[in-house]
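Colleague: Structure below; questions to follow.
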Amino acid sequence: MHVGSFVLAAQFPGQGPGEALHRAVRSAEVAEQSGLDAVWLAEHHFVPYGTCPSAVTLAALLLGRTRRVRVGTAVSVLPTAHPVALGEQAALLHITSGGRFTLGVGRGGPWVDLEVFGTGLEAYEHGFPESLDLLLRWLGEPSVAASGERFSFREVPVVPRPSEALTESPGPEVVLACTSPASVRLAAERGLPMLLGMHVGDEEKAEMVAMWRHCARAAGRPAEEIEGAAHVSAGVCQLADRRTDAVETLTKAMPGWLRQGLGAHVTVDGRARSMRDPYAYTELLCGLHPVGTPRLAADRLAATSERTGISRFALLTEGSGDLAATEENLRRLGAEVLPQLR
């Protein structure tokens, strides 16, 4: 089992983006010091829900600040990026970090981002498979040309080639955020591990893993690839000597952040959107994830892994909104939870 931190660079009420980003960088450093396996970085535009607009850029900084921990994007939003540009960045980080970079990609949402970056709603609604396949070709072939509906260009060499890295892997690991049967099939057919969201419980995650395996077999993926797929489960972790104290920390801080952060999302086409009740959502997350004593946290992570077959976790540890409390939370996760799992 591998446990990492999930960093949103969340801007809580009364904070500025600089404070949120400082907490994000510092928490990644503490995650490595505390023995965690990975740091996963979220990407958002124009909203205080998360103040990092480029997960791959922040990953570059953190790879330079750390020496052991893996750093991944969770996720780089593909419909608002050119897959070749993202592939070049991923190859660069893979080579210069000695293979410590993981590229997580996702479809994102129907947000105004699509208008600002000029990619349009079509890139979100229909263009994702084309973008994903072009990205995967860029990371796996010596030269690439394109003749699709969205991308068309003559053959060009891949520079730098990910396989030039002195690592066991020929290129950076790619994981795909999955929230629907269509995205599960997309990941399975390409042999990509899934990143599953924090709002999903064990039963639904187990169903998605089972569907992934079925679709992967139907697509002819190798048996060893199917059995060895290391899917990632996002969640929340808050530790305290009593579960009631851990829950109280989150229920005091997270609803305000969720209300202003999620409420700031604007759809590109004016479509209606519904927002979760911030208090109910916080309570849901406290019930699904390792929120409580270190013993409870270890038991819950072990149970989720056993029920779902998921071996990697990306845990949000900044739910208090406070830097000192986040650092303490990470240190307790490393010192009091990880030894019980290993």
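All residue names refer to the structure tokens as shown: chains lettered A, B, ... in order, residues numbered from 1 in each chain, ligands numbered from 1 in order.
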Using only C-alpha atoms, which residues sit within 10 Å of segment 173-175 of chain A once same-chain residues fewer than 2 positions away are excluded, as a VMD selection string?
Modeller: chain A and resid 72 to 75 90 94 99 to 106 135 to 136 139 169 to 171 177 to 178 187 191 to 195 230 to 232
Colleague: May I have all residues of segment 2-249 of chain A that DSSP, computed from the backbone, assigns to strand (DSSP E or B), given as a CSV table (one decimal) with all heavy atoms, in the first residue's frame?
Modeller:
```csv
chain,number,residue,atom,x,y,z
A,2,HIS,N,0.5,2.2,-0.8
A,2,HIS,CA,1.3,3.5,-0.9
A,2,HIS,C,0.3,4.6,-0.6
A,2,HIS,O,-0.8,4.8,-1.1
A,2,HIS,CB,1.8,3.7,-2.3
A,2,HIS,CG,2.9,2.6,-2.7
A,2,HIS,ND1,2.5,1.4,-3.1
A,2,HIS,CD2,4.2,2.7,-2.6
A,2,HIS,CE1,3.6,0.7,-3.3
A,2,HIS,NE2,4.7,1.4,-3.0
A,3,VAL,N,0.8,5.5,0.3
A,3,VAL,CA,0.0,6.6,0.8
A,3,VAL,C,0.7,7.9,0.5
A,3,VAL,O,1.8,8.1,0.8
A,3,VAL,CB,-0.2,6.5,2.4
A,3,VAL,CG1,-1.0,7.7,2.9
A,3,VAL,CG2,-1.0,5.2,2.7
A,4,GLY,N,-0.1,8.8,-0.1
A,4,GLY,CA,0.4,10.1,-0.5
A,4,GLY,C,-0.5,11.2,-0.1
A,4,GLY,O,-1.6,10.9,0.4
A,5,SER,N,-0.1,12.4,-0.2
A,5,SER,CA,-0.9,13.6,0.2
A,5,SER,C,-1.5,14.2,-1.1
A,5,SER,O,-0.9,14.1,-2.2
A,5,SER,CB,-0.1,14.7,0.9
A,5,SER,OG,0.8,15.2,0.1
A,6,PHE,N,-2.8,14.7,-1.0
A,6,PHE,CA,-3.5,15.3,-2.1
A,6,PHE,C,-3.5,16.8,-1.8
A,6,PHE,O,-4.2,17.2,-0.9
A,6,PHE,CB,-4.9,14.7,-2.2
A,6,PHE,CG,-5.7,15.2,-3.3
A,6,PHE,CD1,-5.1,15.7,-4.5
A,6,PHE,CD2,-7.1,15.1,-3.3
A,6,PHE,CE1,-5.9,16.1,-5.5
A,6,PHE,CE2,-7.9,15.6,-4.3
A,6,PHE,CZ,-7.3,16.1,-5.4
A,7,VAL,N,-2.9,17.6,-2.6
A,7,VAL,CA,-2.7,19.0,-2.4
A,7,VAL,C,-3.6,19.8,-3.3
A,7,VAL,O,-3.3,19.8,-4.5
A,7,VAL,CB,-1.2,19.4,-2.5
A,7,VAL,CG1,-1.0,20.9,-2.3
A,7,VAL,CG2,-0.3,18.6,-1.5
A,38,ALA,N,4.0,9.8,-1.9
A,38,ALA,CA,3.7,10.6,-3.1
A,38,ALA,C,3.0,11.9,-2.7
A,38,ALA,O,2.5,12.0,-1.6
A,38,ALA,CB,2.8,9.9,-4.1
A,39,VAL,N,3.1,12.9,-3.6
A,39,VAL,CA,2.4,14.1,-3.4
A,39,VAL,C,1.6,14.3,-4.7
A,39,VAL,O,2.2,14.3,-5.8
A,39,VAL,CB,3.3,15.3,-3.2
A,39,VAL,CG1,2.5,16.6,-3.2
A,39,VAL,CG2,4.0,15.2,-1.9
A,40,TRP,N,0.3,14.5,-4.6
A,40,TRP,CA,-0.6,14.7,-5.8
A,40,TRP,C,-1.1,16.1,-5.8
A,40,TRP,O,-1.6,16.6,-4.8
A,40,TRP,CB,-1.8,13.7,-5.8
A,40,TRP,CG,-1.3,12.2,-5.8
A,40,TRP,CD1,-1.0,11.5,-4.7
A,40,TRP,CD2,-1.2,11.4,-6.9
A,40,TRP,NE1,-0.7,10.2,-5.1
A,40,TRP,CE2,-0.7,10.1,-6.5
A,40,TRP,CE3,-1.3,11.6,-8.3
A,40,TRP,CZ2,-0.5,9.1,-7.4
A,40,TRP,CZ3,-1.1,10.6,-9.2
A,40,TRP,CH2,-0.7,9.3,-8.7
A,41,LEU,N,-1.0,16.8,-7.0
A,41,LEU,CA,-1.3,18.2,-7.1
A,41,LEU,C,-2.5,18.4,-8.0
A,41,LEU,O,-2.6,18.0,-9.1
A,41,LEU,CB,-0.1,18.9,-7.7
A,41,LEU,CG,1.2,18.7,-6.9
A,41,LEU,CD1,2.3,19.3,-7.7
A,41,LEU,CD2,1.2,19.2,-5.5
A,70,ARG,N,7.5,10.7,-4.9
A,70,ARG,CA,6.9,10.8,-6.2
A,70,ARG,C,6.0,12.1,-6.2
A,70,ARG,O,5.3,12.4,-5.2
A,70,ARG,CB,6.1,9.6,-6.7
A,70,ARG,CG,6.9,8.4,-6.9
A,70,ARG,CD,6.1,7.3,-7.6
A,70,ARG,NE,5.8,7.8,-9.0
A,70,ARG,CZ,6.6,7.7,-10.1
A,70,ARG,NH1,7.8,7.1,-9.9
A,70,ARG,NH2,6.2,8.1,-11.2
A,71,VAL,N,5.9,12.7,-7.3
A,71,VAL,CA,5.1,13.9,-7.5
A,71,VAL,C,4.2,13.7,-8.7
A,71,VAL,O,4.7,13.4,-9.8
A,71,VAL,CB,5.9,15.2,-7.6
A,71,VAL,CG1,4.9,16.4,-7.8
A,71,VAL,CG2,6.8,15.4,-6.4
A,72,GLY,N,2.9,13.8,-8.5
A,72,GLY,CA,1.9,13.6,-9.6
A,72,GLY,C,0.9,14.7,-9.7
A,72,GLY,O,0.6,15.4,-8.8
A,73,THR,N,0.3,14.8,-10.9
A,73,THR,CA,-0.7,15.8,-11.1
A,73,THR,C,-2.1,15.1,-11.0
A,73,THR,O,-2.2,13.9,-11.4
A,73,THR,CB,-0.7,16.4,-12.5
A,73,THR,OG1,-0.8,15.4,-13.5
A,73,THR,CG2,0.6,17.2,-12.7
A,76,SER,N,-3.9,17.2,-14.4
A,76,SER,CA,-3.8,18.2,-15.5
A,76,SER,C,-5.0,18.1,-16.4
A,76,SER,O,-5.4,17.0,-16.8
A,76,SER,CB,-2.5,17.9,-16.3
A,76,SER,OG,-1.4,18.1,-15.5
A,77,VAL,N,-5.7,19.2,-16.6
A,77,VAL,CA,-7.0,19.2,-17.3
A,77,VAL,C,-6.7,19.2,-18.8
A,77,VAL,O,-6.3,20.2,-19.3
A,77,VAL,CB,-7.9,20.3,-16.9
A,77,VAL,CG1,-9.2,20.3,-17.6
A,77,VAL,CG2,-8.1,20.3,-15.4
A,101,PHE,N,8.1,11.4,-11.6
A,101,PHE,CA,6.9,12.2,-12.0
A,101,PHE,C,5.8,11.3,-12.5
A,101,PHE,O,6.0,10.4,-13.3
A,101,PHE,CB,7.2,13.2,-13.0
A,101,PHE,CG,6.0,14.0,-13.5
A,101,PHE,CD1,5.3,14.9,-12.7
A,101,PHE,CD2,5.6,13.8,-14.8
A,101,PHE,CE1,4.2,15.6,-13.1
A,101,PHE,CE2,4.5,14.6,-15.3
A,101,PHE,CZ,3.8,15.4,-14.4
A,102,THR,N,4.5,11.5,-12.1
A,102,THR,CA,3.4,10.8,-12.6
A,102,THR,C,2.4,11.9,-13.2
A,102,THR,O,2.1,12.9,-12.5
A,102,THR,CB,2.6,10.1,-11.5
A,102,THR,OG1,3.4,9.0,-11.0
A,102,THR,CG2,1.3,9.5,-12.0
A,103,LEU,N,2.0,11.6,-14.4
A,103,LEU,CA,1.1,12.5,-15.1
A,103,LEU,C,-0.4,12.0,-14.9
A,103,LEU,O,-0.7,11.0,-15.6
A,103,LEU,CB,1.4,12.7,-16.6
A,103,LEU,CG,0.5,13.6,-17.4
A,103,LEU,CD1,0.5,15.0,-16.9
A,103,LEU,CD2,0.9,13.5,-18.9
A,104,GLY,N,-1.1,12.7,-14.1
A,104,GLY,CA,-2.6,12.4,-14.0
A,104,GLY,C,-3.3,13.4,-14.9
A,104,GLY,O,-3.1,14.6,-14.8
A,105,VAL,N,-4.2,12.9,-15.7
A,105,VAL,CA,-5.0,13.7,-16.6
A,105,VAL,C,-6.5,13.4,-16.4
A,105,VAL,O,-6.9,12.4,-15.9
A,105,VAL,CB,-4.6,13.5,-18.1
A,105,VAL,CG1,-3.2,14.0,-18.3
A,105,VAL,CG2,-4.8,12.1,-18.5
A,106,GLY,N,-7.3,14.4,-16.7
A,106,GLY,CA,-8.7,14.3,-16.6
A,106,GLY,C,-9.5,15.2,-17.5
A,106,GLY,O,-8.9,16.1,-18.2
A,111,TRP,N,-16.6,24.2,-17.7
A,111,TRP,CA,-16.4,25.5,-17.0
A,111,TRP,C,-16.0,26.6,-18.0
A,111,TRP,O,-15.6,26.3,-19.2
A,111,TRP,CB,-15.4,25.4,-15.9
A,111,TRP,CG,-15.6,24.3,-14.9
A,111,TRP,CD1,-14.8,23.4,-14.5
A,111,TRP,CD2,-16.9,24.0,-14.3
A,111,TRP,NE1,-15.4,22.5,-13.7
A,111,TRP,CE2,-16.7,22.9,-13.5
A,111,TRP,CE3,-18.1,24.6,-14.2
A,111,TRP,CZ2,-17.7,22.3,-12.7
A,111,TRP,CZ3,-19.1,24.0,-13.5
A,111,TRP,CH2,-18.9,22.9,-12.7
A,143,SER,N,8.5,9.7,-33.0
A,143,SER,CA,8.0,10.8,-33.8
A,143,SER,C,6.5,10.6,-33.9
A,143,SER,O,6.0,9.5,-33.9
A,143,SER,CB,8.7,10.9,-35.2
A,143,SER,OG,8.4,9.7,-35.9
A,144,VAL,N,5.8,11.8,-34.1
A,144,VAL,CA,4.4,11.8,-34.1
A,144,VAL,C,3.8,12.7,-35.1
A,144,VAL,O,4.3,13.8,-35.3
A,144,VAL,CB,3.8,12.2,-32.7
A,144,VAL,CG1,2.3,12.3,-32.7
A,144,VAL,CG2,4.3,11.1,-31.6
A,145,ALA,N,2.8,12.3,-35.8
A,145,ALA,CA,2.0,13.1,-36.7
A,145,ALA,C,0.5,13.0,-36.3
A,145,ALA,O,0.2,12.0,-35.6
A,145,ALA,CB,2.1,12.7,-38.2
A,146,ALA,N,-0.3,13.9,-36.7
A,146,ALA,CA,-1.7,13.8,-36.3
A,146,ALA,C,-2.6,14.2,-37.5
A,146,ALA,O,-2.3,15.1,-38.3
A,146,ALA,CB,-2.0,14.8,-35.1
A,147,SER,N,-3.8,13.5,-37.6
A,147,SER,CA,-4.7,13.9,-38.6
A,147,SER,C,-6.1,13.7,-38.1
A,147,SER,O,-7.0,13.1,-38.8
A,147,SER,CB,-4.5,13.0,-39.9
A,147,SER,OG,-4.6,11.6,-39.5
A,152,SER,N,-4.2,18.3,-36.2
A,152,SER,CA,-3.6,17.9,-37.5
A,152,SER,C,-2.3,18.6,-37.7
A,152,SER,O,-2.2,19.8,-37.8
A,152,SER,CB,-4.6,18.2,-38.6
A,152,SER,OG,-4.1,17.7,-39.9
A,153,PHE,N,-1.2,17.8,-37.9
A,153,PHE,CA,0.1,18.3,-38.1
A,153,PHE,C,1.0,17.3,-38.7
A,153,PHE,O,0.8,16.1,-38.6
A,153,PHE,CB,0.7,19.0,-36.9
A,153,PHE,CG,0.8,18.0,-35.7
A,153,PHE,CD1,1.8,17.2,-35.5
A,153,PHE,CD2,-0.2,18.1,-34.7
A,153,PHE,CE1,1.9,16.3,-34.4
A,153,PHE,CE2,-0.1,17.2,-33.6
A,153,PHE,CZ,1.0,16.3,-33.5
A,154,ARG,N,2.0,17.7,-39.4
A,154,ARG,CA,3.0,16.9,-40.1
A,154,ARG,C,3.8,16.1,-39.0
A,154,ARG,O,3.8,16.5,-37.8
A,154,ARG,CB,3.9,17.6,-41.0
A,154,ARG,CG,4.9,18.5,-40.2
A,154,ARG,CD,5.7,19.5,-41.1
A,154,ARG,NE,4.8,20.5,-41.6
A,154,ARG,CZ,5.2,21.5,-42.4
A,154,ARG,NH1,6.5,21.5,-42.8
A,154,ARG,NH2,4.4,22.4,-42.8
A,155,GLU,N,4.5,15.1,-39.4
A,155,GLU,CA,5.3,14.3,-38.4
A,155,GLU,C,6.5,15.1,-37.9
A,155,GLU,O,7.2,15.8,-38.7
A,155,GLU,CB,5.8,13.0,-39.1
A,155,GLU,CG,6.6,12.1,-38.2
A,155,GLU,CD,6.9,10.8,-38.8
A,155,GLU,OE1,6.4,10.5,-39.9
A,155,GLU,OE2,7.7,10.0,-38.2
A,156,VAL,N,6.6,15.1,-36.6
A,156,VAL,CA,7.7,15.8,-35.9
A,156,VAL,C,8.4,14.9,-34.9
A,156,VAL,O,7.8,14.0,-34.4
A,156,VAL,CB,7.2,17.1,-35.2
A,156,VAL,CG1,6.7,18.1,-36.2
A,156,VAL,CG2,6.1,16.7,-34.2
A,157,PRO,N,9.7,15.1,-34.7
A,157,PRO,CA,10.4,14.2,-33.7
A,157,PRO,C,9.9,14.6,-32.3
A,157,PRO,O,9.6,15.8,-32.0
A,157,PRO,CB,11.8,14.5,-33.9
A,157,PRO,CG,11.9,15.9,-34.5
A,157,PRO,CD,10.6,16.0,-35.3
A,173,GLU,N,4.6,7.6,-15.8
A,173,GLU,CA,3.3,6.9,-15.6
A,173,GLU,C,2.2,7.9,-15.9
A,173,GLU,O,2.3,9.1,-15.6
A,173,GLU,CB,3.2,6.5,-14.1
A,173,GLU,CG,1.9,5.8,-13.8
A,173,GLU,CD,1.7,5.6,-12.3
A,173,GLU,OE1,2.2,6.5,-11.5
A,173,GLU,OE2,1.0,4.7,-11.9
A,174,VAL,N,1.1,7.4,-16.5
A,174,VAL,CA,-0.1,8.2,-16.8
A,174,VAL,C,-1.2,7.5,-16.1
A,174,VAL,O,-1.5,6.3,-16.2
A,174,VAL,CB,-0.3,8.3,-18.3
A,174,VAL,CG1,-1.6,9.1,-18.5
A,174,VAL,CG2,0.8,8.9,-19.0
A,175,VAL,N,-2.0,8.3,-15.3
A,175,VAL,CA,-3.2,7.8,-14.7
A,175,VAL,C,-4.4,8.7,-15.2
A,175,VAL,O,-4.2,9.9,-15.5
A,175,VAL,CB,-3.2,7.8,-13.1
A,175,VAL,CG1,-2.0,7.0,-12.7
A,175,VAL,CG2,-3.0,9.3,-12.6
A,176,LEU,N,-5.6,8.1,-15.2
A,176,LEU,CA,-6.7,8.9,-15.7
A,176,LEU,C,-7.8,9.0,-14.6
A,176,LEU,O,-8.2,8.0,-14.0
A,176,LEU,CB,-7.3,8.1,-16.9
A,176,LEU,CG,-8.5,8.7,-17.6
A,176,LEU,CD1,-8.1,10.1,-18.2
A,176,LEU,CD2,-9.0,7.8,-18.7
A,177,ALA,N,-8.2,10.2,-14.4
A,177,ALA,CA,-9.4,10.5,-13.5
A,177,ALA,C,-10.6,9.9,-14.1
A,177,ALA,O,-11.0,10.2,-15.2
A,177,ALA,CB,-9.5,12.0,-13.2
A,178,CYS,N,-11.4,9.1,-13.3
A,178,CYS,CA,-12.6,8.4,-13.8
A,178,CYS,C,-13.7,8.7,-12.9
A,178,CYS,O,-13.7,8.5,-11.7
A,178,CYS,CB,-12.3,6.9,-13.9
A,178,CYS,SG,-11.1,6.4,-15.1
A,194,MET,N,-6.7,4.1,-12.8
A,194,MET,CA,-7.7,5.1,-12.5
A,194,MET,C,-7.3,5.9,-11.3
A,194,MET,O,-6.8,5.4,-10.3
A,194,MET,CB,-9.0,4.5,-12.3
A,194,MET,CG,-9.6,3.7,-13.5
A,194,MET,SD,-11.3,3.1,-13.2
A,194,MET,CE,-10.9,1.9,-11.9
A,195,LEU,N,-7.7,7.2,-11.3
A,195,LEU,CA,-7.8,8.0,-10.1
A,195,LEU,C,-9.3,8.2,-9.8
A,195,LEU,O,-10.0,8.8,-10.6
A,195,LEU,CB,-7.1,9.4,-10.3
A,195,LEU,CG,-7.3,10.4,-9.2
A,195,LEU,CD1,-6.6,10.0,-8.0
A,195,LEU,CD2,-6.7,11.8,-9.7
A,196,LEU,N,-9.7,7.8,-8.6
A,196,LEU,CA,-11.1,7.8,-8.2
A,196,LEU,C,-11.3,8.9,-7.2
A,196,LEU,O,-10.5,9.1,-6.2
A,196,LEU,CB,-11.6,6.5,-7.7
A,196,LEU,CG,-11.4,5.3,-8.7
A,196,LEU,CD1,-11.9,4.0,-8.2
A,196,LEU,CD2,-12.1,5.6,-10.1
A,232,VAL,N,-5.7,4.6,-7.9
A,232,VAL,CA,-5.5,5.6,-6.8
A,232,VAL,C,-6.8,6.1,-6.3
A,232,VAL,O,-7.7,6.4,-7.1
A,232,VAL,CB,-4.7,6.9,-7.4
A,232,VAL,CG1,-4.3,7.8,-6.2
A,232,VAL,CG2,-3.4,6.4,-8.1
A,233,SER,N,-6.9,6.1,-5.0
A,233,SER,CA,-8.2,6.6,-4.4
A,233,SER,C,-7.9,7.9,-3.7
A,233,SER,O,-7.1,8.0,-2.8
A,233,SER,CB,-8.7,5.5,-3.3
A,233,SER,OG,-9.8,6.0,-2.6
A,234,ALA,N,-8.6,8.9,-4.0
A,234,ALA,CA,-8.5,10.2,-3.3
A,234,ALA,C,-9.4,10.2,-2.1
A,234,ALA,O,-10.5,9.6,-2.1
A,234,ALA,CB,-8.9,11.4,-4.3
A,235,GLY,N,-9.0,10.9,-1.1
A,235,GLY,CA,-9.8,11.0,0.2
A,235,GLY,C,-9.3,12.1,1.0
A,235,GLY,O,-8.6,13.0,0.6
A,236,VAL,N,-9.8,12.1,2.3
A,236,VAL,CA,-9.5,13.1,3.3
A,236,VAL,C,-9.0,12.4,4.5
A,236,VAL,O,-9.4,11.3,4.8
A,236,VAL,CB,-10.8,13.9,3.7
A,236,VAL,CG1,-10.5,14.9,4.8
A,236,VAL,CG2,-11.3,14.7,2.5
A,238,GLN,N,-7.8,13.3,8.5
A,238,GLN,CA,-7.6,14.3,9.6
A,238,GLN,C,-7.4,13.4,10.9
A,238,GLN,O,-8.3,12.6,11.2
A,238,GLN,CB,-8.8,15.2,9.7
A,238,GLN,CG,-8.6,16.3,10.8
A,238,GLN,CD,-7.4,17.3,10.4
A,238,GLN,OE1,-7.3,17.7,9.2
A,238,GLN,NE2,-6.6,17.7,11.3
A,239,LEU,N,-6.3,13.6,11.6
A,239,LEU,CA,-6.0,12.8,12.7
A,239,LEU,C,-6.1,13.6,14.0
A,239,LEU,O,-5.8,14.8,14.1
A,239,LEU,CB,-4.6,12.2,12.6
A,239,LEU,CG,-4.4,11.4,11.3
A,239,LEU,CD1,-2.9,11.0,11.2
A,239,LEU,CD2,-5.2,10.1,11.3
```
Colleague: Contacts of Ile310 of chain A at 9 Å or less, counting only C-alpha atoms, minus same-chain residues fewer than 2 places along, as a PyMOL selection string?
Modeller: chain A and resi 1+205-206+209+229-233+304-308+312-313
Colleague: Only all heavy atoms, please: the residues just picked out, written as a CSV table (one decimal), in the first residue's frame.
Modeller:
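Output file selection_38.csv is given in full below:
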```csv
chain,number,residue,atom,x,y,z
A,1,MET,N,0.8,-1.2,0.0
A,1,MET,CA,0.0,0.0,0.0
A,1,MET,C,0.9,1.2,0.0
A,1,MET,O,1.9,1.3,0.7
A,1,MET,CB,-0.9,0.0,1.2
A,1,MET,CG,-2.0,1.1,1.2
A,1,MET,SD,-3.0,1.1,2.7
A,1,MET,CE,-3.6,-0.5,2.7
A,205,LYS,N,-16.4,2.3,-5.6
A,205,LYS,CA,-15.0,2.2,-6.1
A,205,LYS,C,-14.7,0.7,-6.5
A,205,LYS,O,-14.1,0.5,-7.5
A,205,LYS,CB,-14.0,2.7,-5.1
A,205,LYS,CG,-14.0,4.2,-5.0
A,205,LYS,CD,-13.0,4.7,-3.9
A,205,LYS,CE,-13.0,6.2,-3.9
A,205,LYS,NZ,-12.1,6.8,-2.8
A,206,ALA,N,-15.2,-0.2,-5.7
A,206,ALA,CA,-15.0,-1.6,-6.1
A,206,ALA,C,-15.7,-2.0,-7.4
A,206,ALA,O,-15.2,-2.7,-8.2
A,206,ALA,CB,-15.6,-2.5,-4.9
A,209,VAL,N,-13.5,-0.6,-10.2
A,209,VAL,CA,-12.4,-1.4,-10.4
A,209,VAL,C,-12.7,-2.7,-11.2
A,209,VAL,O,-12.1,-3.2,-12.1
A,209,VAL,CB,-11.7,-1.7,-9.1
A,209,VAL,CG1,-10.6,-2.8,-9.3
A,209,VAL,CG2,-11.0,-0.5,-8.5
A,229,ALA,N,-2.4,-3.3,-12.0
A,229,ALA,CA,-2.8,-1.9,-12.1
A,229,ALA,C,-2.9,-1.3,-10.8
A,229,ALA,O,-3.6,-1.8,-9.9
A,229,ALA,CB,-4.1,-1.9,-12.9
A,230,ALA,N,-2.2,-0.2,-10.6
A,230,ALA,CA,-2.2,0.5,-9.2
A,230,ALA,C,-3.1,1.7,-9.3
A,230,ALA,O,-2.7,2.8,-9.6
A,230,ALA,CB,-0.8,0.9,-8.9
A,231,HIS,N,-4.4,1.4,-9.0
A,231,HIS,CA,-5.4,2.5,-9.0
A,231,HIS,C,-5.2,3.4,-7.8
A,231,HIS,O,-4.6,3.0,-6.8
A,231,HIS,CB,-6.8,2.0,-9.1
A,231,HIS,CG,-7.0,1.1,-10.2
A,231,HIS,ND1,-7.0,1.5,-11.5
A,231,HIS,CD2,-7.3,-0.3,-10.3
A,231,HIS,CE1,-7.2,0.5,-12.4
A,231,HIS,NE2,-7.5,-0.6,-11.6
A,232,VAL,N,-5.7,4.6,-7.9
A,232,VAL,CA,-5.5,5.6,-6.8
A,232,VAL,C,-6.8,6.1,-6.3
A,232,VAL,O,-7.7,6.4,-7.1
A,232,VAL,CB,-4.7,6.9,-7.4
A,232,VAL,CG1,-4.3,7.8,-6.2
A,232,VAL,CG2,-3.4,6.4,-8.1
A,233,SER,N,-6.9,6.1,-5.0
A,233,SER,CA,-8.2,6.6,-4.4
A,233,SER,C,-7.9,7.9,-3.7
A,233,SER,O,-7.1,8.0,-2.8
A,233,SER,CB,-8.7,5.5,-3.3
A,233,SER,OG,-9.8,6.0,-2.6
A,304,THR,N,-10.5,-0.3,3.0
A,304,THR,CA,-10.8,0.2,1.6
A,304,THR,C,-9.9,-0.6,0.6
A,304,THR,O,-10.4,-1.0,-0.5
A,304,THR,CB,-10.5,1.7,1.5
A,304,THR,OG1,-11.4,2.4,2.3
A,304,THR,CG2,-10.7,2.2,0.0
A,305,SER,N,-8.7,-0.8,0.9
A,305,SER,CA,-7.8,-1.5,0.0
A,305,SER,C,-8.3,-2.9,-0.2
A,305,SER,O,-8.3,-3.4,-1.3
A,305,SER,CB,-6.4,-1.5,0.6
A,305,SER,OG,-5.5,-2.2,-0.3
A,306,GLU,N,-8.7,-3.6,0.9
A,306,GLU,CA,-9.2,-5.0,0.8
A,306,GLU,C,-10.5,-5.0,0.0
A,306,GLU,O,-10.7,-6.0,-0.8
A,306,GLU,CB,-9.4,-5.5,2.2
A,306,GLU,CG,-9.8,-7.0,2.2
A,306,GLU,CD,-9.9,-7.5,3.6
A,306,GLU,OE1,-9.5,-6.8,4.6
A,306,GLU,OE2,-10.4,-8.7,3.8
A,307,ARG,N,-11.4,-4.1,0.2
A,307,ARG,CA,-12.7,-4.2,-0.4
A,307,ARG,C,-12.6,-3.8,-1.9
A,307,ARG,O,-13.4,-4.3,-2.7
A,307,ARG,CB,-13.7,-3.2,0.2
A,307,ARG,CG,-14.1,-3.5,1.7
A,307,ARG,CD,-14.8,-2.4,2.3
A,307,ARG,NE,-15.1,-2.6,3.7
A,307,ARG,CZ,-15.3,-1.7,4.6
A,307,ARG,NH1,-15.2,-0.4,4.2
A,307,ARG,NH2,-15.6,-2.0,5.9
A,308,THR,N,-11.7,-2.9,-2.3
A,308,THR,CA,-11.7,-2.4,-3.7
A,308,THR,C,-10.5,-2.9,-4.5
A,308,THR,O,-10.6,-2.8,-5.7
A,308,THR,CB,-11.6,-0.9,-3.6
A,308,THR,OG1,-10.3,-0.5,-3.0
A,308,THR,CG2,-12.7,-0.3,-2.8
A,312,ARG,N,-3.2,2.5,-3.8
A,312,ARG,CA,-2.6,3.8,-3.6
A,312,ARG,C,-3.7,4.8,-3.2
A,312,ARG,O,-4.8,4.8,-3.6
A,312,ARG,CB,-1.9,4.4,-4.9
A,312,ARG,CG,-0.7,3.6,-5.3
A,312,ARG,CD,0.1,4.3,-6.4
A,312,ARG,NE,-0.6,4.2,-7.7
A,312,ARG,CZ,-0.2,4.7,-8.8
A,312,ARG,NH1,1.0,5.4,-8.8
A,312,ARG,NH2,-0.8,4.5,-10.0
A,313,PHE,N,-3.3,5.7,-2.2
A,313,PHE,CA,-4.2,6.7,-1.7
A,313,PHE,C,-3.6,8.1,-1.8
A,313,PHE,O,-2.4,8.3,-1.6
A,313,PHE,CB,-4.5,6.4,-0.2
A,313,PHE,CG,-5.3,5.1,0.0
A,313,PHE,CD1,-4.6,3.9,0.1
A,313,PHE,CD2,-6.6,5.1,0.0
A,313,PHE,CE1,-5.3,2.7,0.2
A,313,PHE,CE2,-7.4,4.0,0.1
A,313,PHE,CZ,-6.7,2.7,0.3
```
Colleague: Give me the residues within 10 Å of Pro339 of chain A as a ChimeraX atom specification, counting only C-alpha atoms and dropping any in the same chain fewer than 6 places off.
Modeller: /A:35,298,333
Colleague: Save the residues we just selected, all heavy atoms, as a tab-separated table (two decimals), in the first residue's frame?
Modeller:
```tsv
chain	number	residue	atom	x	y	z
A	35	GLY	N	7.74	10.55	5.43
A	35	GLY	CA	7.78	9.19	4.90
A	35	GLY	C	6.65	8.82	3.97
A	35	GLY	O	6.52	7.64	3.61
A	298	ALA	N	-5.79	3.85	10.05
A	298	ALA	CA	-5.12	2.69	9.48
A	298	ALA	C	-6.13	1.60	9.13
A	298	ALA	O	-6.06	0.97	8.05
A	298	ALA	CB	-4.07	2.16	10.45
A	333	LEU	N	0.38	11.28	10.35
A	333	LEU	CA	0.09	10.28	9.33
A	333	LEU	C	1.32	9.42	9.06
A	333	LEU	O	1.23	8.18	8.97
A	333	LEU	CB	-0.37	10.98	8.04
A	333	LEU	CG	-0.67	10.10	6.83
A	333	LEU	CD1	-1.75	9.07	7.14
A	333	LEU	CD2	-1.08	10.97	5.63
```
Colleague: Which value, in Å to one decimal, gives the distance between atom CA of Leu132 of chain A and atom CA of Gly220 of chain A?
Modeller: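 Atom CA of Gly220 of chain A lies 19.1 Å from atom CA of Leu132 of chain A.
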Colleague: Given the choices A:Gly98, A:Gly148, A:Pro13, A:Gly18, which gets closest to Val69 of chain A if the distance is worked out from only C-alpha atoms?
Modeller: A:Gly98
Colleague: At a cut-off of 12 Å, using only C-alpha atoms, what residues contact Gly127 of chain A? Leave out same-chain residues fewer than 2 positions from it and give the result as a ChimeraX atom specification.
Modeller: /A:78-83,107,119-125,129-134,148-151
